[in-house]
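This report refers to the structure that appears directly beneath it.
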Amino acid sequence: MNTEIKPSVPYGDMEKHRERAVVGSALWAAAGDALGWITELSRGPSGVAHRTGSSEVTRPVNWRRLIGGRNGPRVDLPAGTYSDDTQLRLAVCRSIRGDGSFDVETFGKIEVTVWPTYALGGGLGTKAAAVNLSRRSVNWFSNFFESAGQKYVNGGGNGAAMRIQPHVWSSSNLGDRMLLNVLRDALVTHGHPHGFCGAMFHALCLSDAISTGQIPEPKSWHGYIDRFSDFGRFIGLDPQLSAFWQSAWANDGGIPVTQAIEKMMSEARSDLDVVLKLLGENTNLAYHDCLDAVGCLTPKFRGSGFKTALAAVVLAYLHRNQNPSVALVVAANELESDTDTIATMAGALLGAVSDRLPEWPVQDSNYIVQEARRLAAIARGEPQDSFSYPDLGHWNPPAKQTASIGWRKGKLAIVGLGILEPLSEEYRSGDAVWQWLALPFGQTILAKRKSNLTDMIADSQLPGPRQKAKPTPQSTNAGPTPPSVRASDSARGRESIRQQDLSTPAKRITRNDIDAWTDEVIHSNFDDLALGRLLNLCIDATGSVDAAVAFSAIVAKAKLARQRRRS
């Protein structure tokens, strides 16, 4: 497994400031994750020593960790091994198409459902979201899970905020499109304002860092919180969110989501006021004091999406004039905090403004740089190749963690992602095997499979050849973000979900259109012919599976409500 940053990476020769910033941001984010994951939940300095031989960490080292719960094997982890933070960030990278659109449907239904097979770390909320998304009836905008103490509308952890950097890297400006994609991404798994507002706060910090070449000043942070009030407007730009998600959230949350956001904004401003006061005192313990003051050292708020994003920008600001490694070491040794996620988010910020690359080993550095450059080119308006996901129309999400891996023509393969090449010994525990494996595009994973594997994987469950860039560039940074629609894009007949420009009149479908269609069905007393005709109209007008599902869900909800009133 390649875990070293090769000196051949021509960082100094990059022509564009943005590409330098994006590559640095991507590598330092992965480096922070790798360092902070060593100490995450380590139960004090003695726990760190048990893992590494030293009570503190100053750089990534080879170490060992129990994988798969108490009954899992203890696995060798090479220096620079990253965790779920970077795994999911790379999944988001792949889900951004060559024209700059975000394929949220394949991200939710393929990337997120396959991820538990190779997850290293990962919060309970994200894992619960992944399990629920594996149900065929659940889509990215309808993932209102409730199981094992986890509930979607209470999902305020940092599992979304830690992965949204690719949306910033691939956008040339701080527009509605980028912020809506950040929210779409976050809402796939996290339904509490702490989760999705934390993602938005970090995106605003990172966007400013890239565009100005400096870590944002504290005076800017209040303005980022003010932007949370735009949430309702962003929701209105997406038919699935406005027509289905918003009402479903209110039903589960007990109040309108905008009201919950107002409460969140008040809490965020209070946290920020406390932090600004501590920073003004300019003590050597400012970072620790800030963590303590906003609750990041307590189990209740350790993983909060917003508080983690705030902690990351505080750490980056305090160390803005130093090598990014200094800040990451500080984060990793603050043992009662969420060490890896704060470090990875601070690394993303500091890497965007630093002229240094990590000298540490970082797993899959070549692939990380490749994706960073691809996204930076998209931001410059240069069409790029796209990952070729399986057709969602024939996709069967894995029902459990060990269901993703099987055999294809005598080789191991993982659904959704491709053929696997073994890289290490097998680690066995019970009827399961973990092994380091290489994916065709350059990522390495420690994946779990059945020890007595007989499952065969069909072609329909595997990606096709990488989709080549289209010769005619499309604008990816102007105007509001459109709904997802389907378009044929491969000779093999696979479909990918891409976004059309809402400025095209024939495709400008709004919440009012769906409401009008719904009203007509209701007024017809749910007549079979009216319902079928308008469902066909919805499909033809939007080209979107999600829009059709949203329309159907609204009609079903209205009919059931009428039946309950009559009973």
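Residue numbering restarts at 1 for every chain of the structure tokens, chains are lettered A, B, ... in their displayed order, and ligands are numbered from 1 as they appear.
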
Pick out the residues sitting within 8 Å of segment 34-48 of chain A, and hand them over as a ChimeraX atom specification; count only C-alpha atoms, and ignore anything fewer than 2 positions along from it in its own chain. /A:30-32,50-57,59-60,63,79-83,328-329,331-333,335-336,338-341,343-344,362

Sorted by chain and rising residue number, which residues of segment 302-375 of chain A lie within 9 Å of segment 420-444 of chain A, and what are their closest atom pairs and distances in Å to one decimal, counting only C-alpha atoms, as a Markdown table?
| residue | atom | partner | partner_atom | distance |
| --- | --- | --- | --- | --- |
| A:Gln363 | CA | A:Thr444 | CA | 7.9 |
| A:Asp364 | CA | A:Gln443 | CA | 5.8 |
| A:Asn366 | CA | A:Gly442 | CA | 7.6 |
| A:Tyr367 | CA | A:Gly442 | CA | 5.4 |
| A:Ile368 | CA | A:Gln443 | CA | 8.5 |

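The coordinates place atom CA of Leu27 of chain A at 7.8 Å from atom CA of Ala348 of chain A.
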
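For the residues A:Lys300, A:Arg20, A:Lys219, A:Lys559, ranking by smallest atom-to-atom distance to Arg356 of chain A using only C-alpha atoms places A:Arg20 first.
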
Mind the document's chain letters and residue numbers, and return as a ChimeraX atom specification the residues of segment 289-355 of chain A that DSSP labels helix (DSSP H, G or I). /A:289-294,305-318,324-332,339-353

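Among the candidates A:Cys93, A:Ala160, A:Leu285, A:Leu462, the residue lying nearest to Thr308 of chain A is A:Ala160 (atoms considered: only C-alpha atoms).
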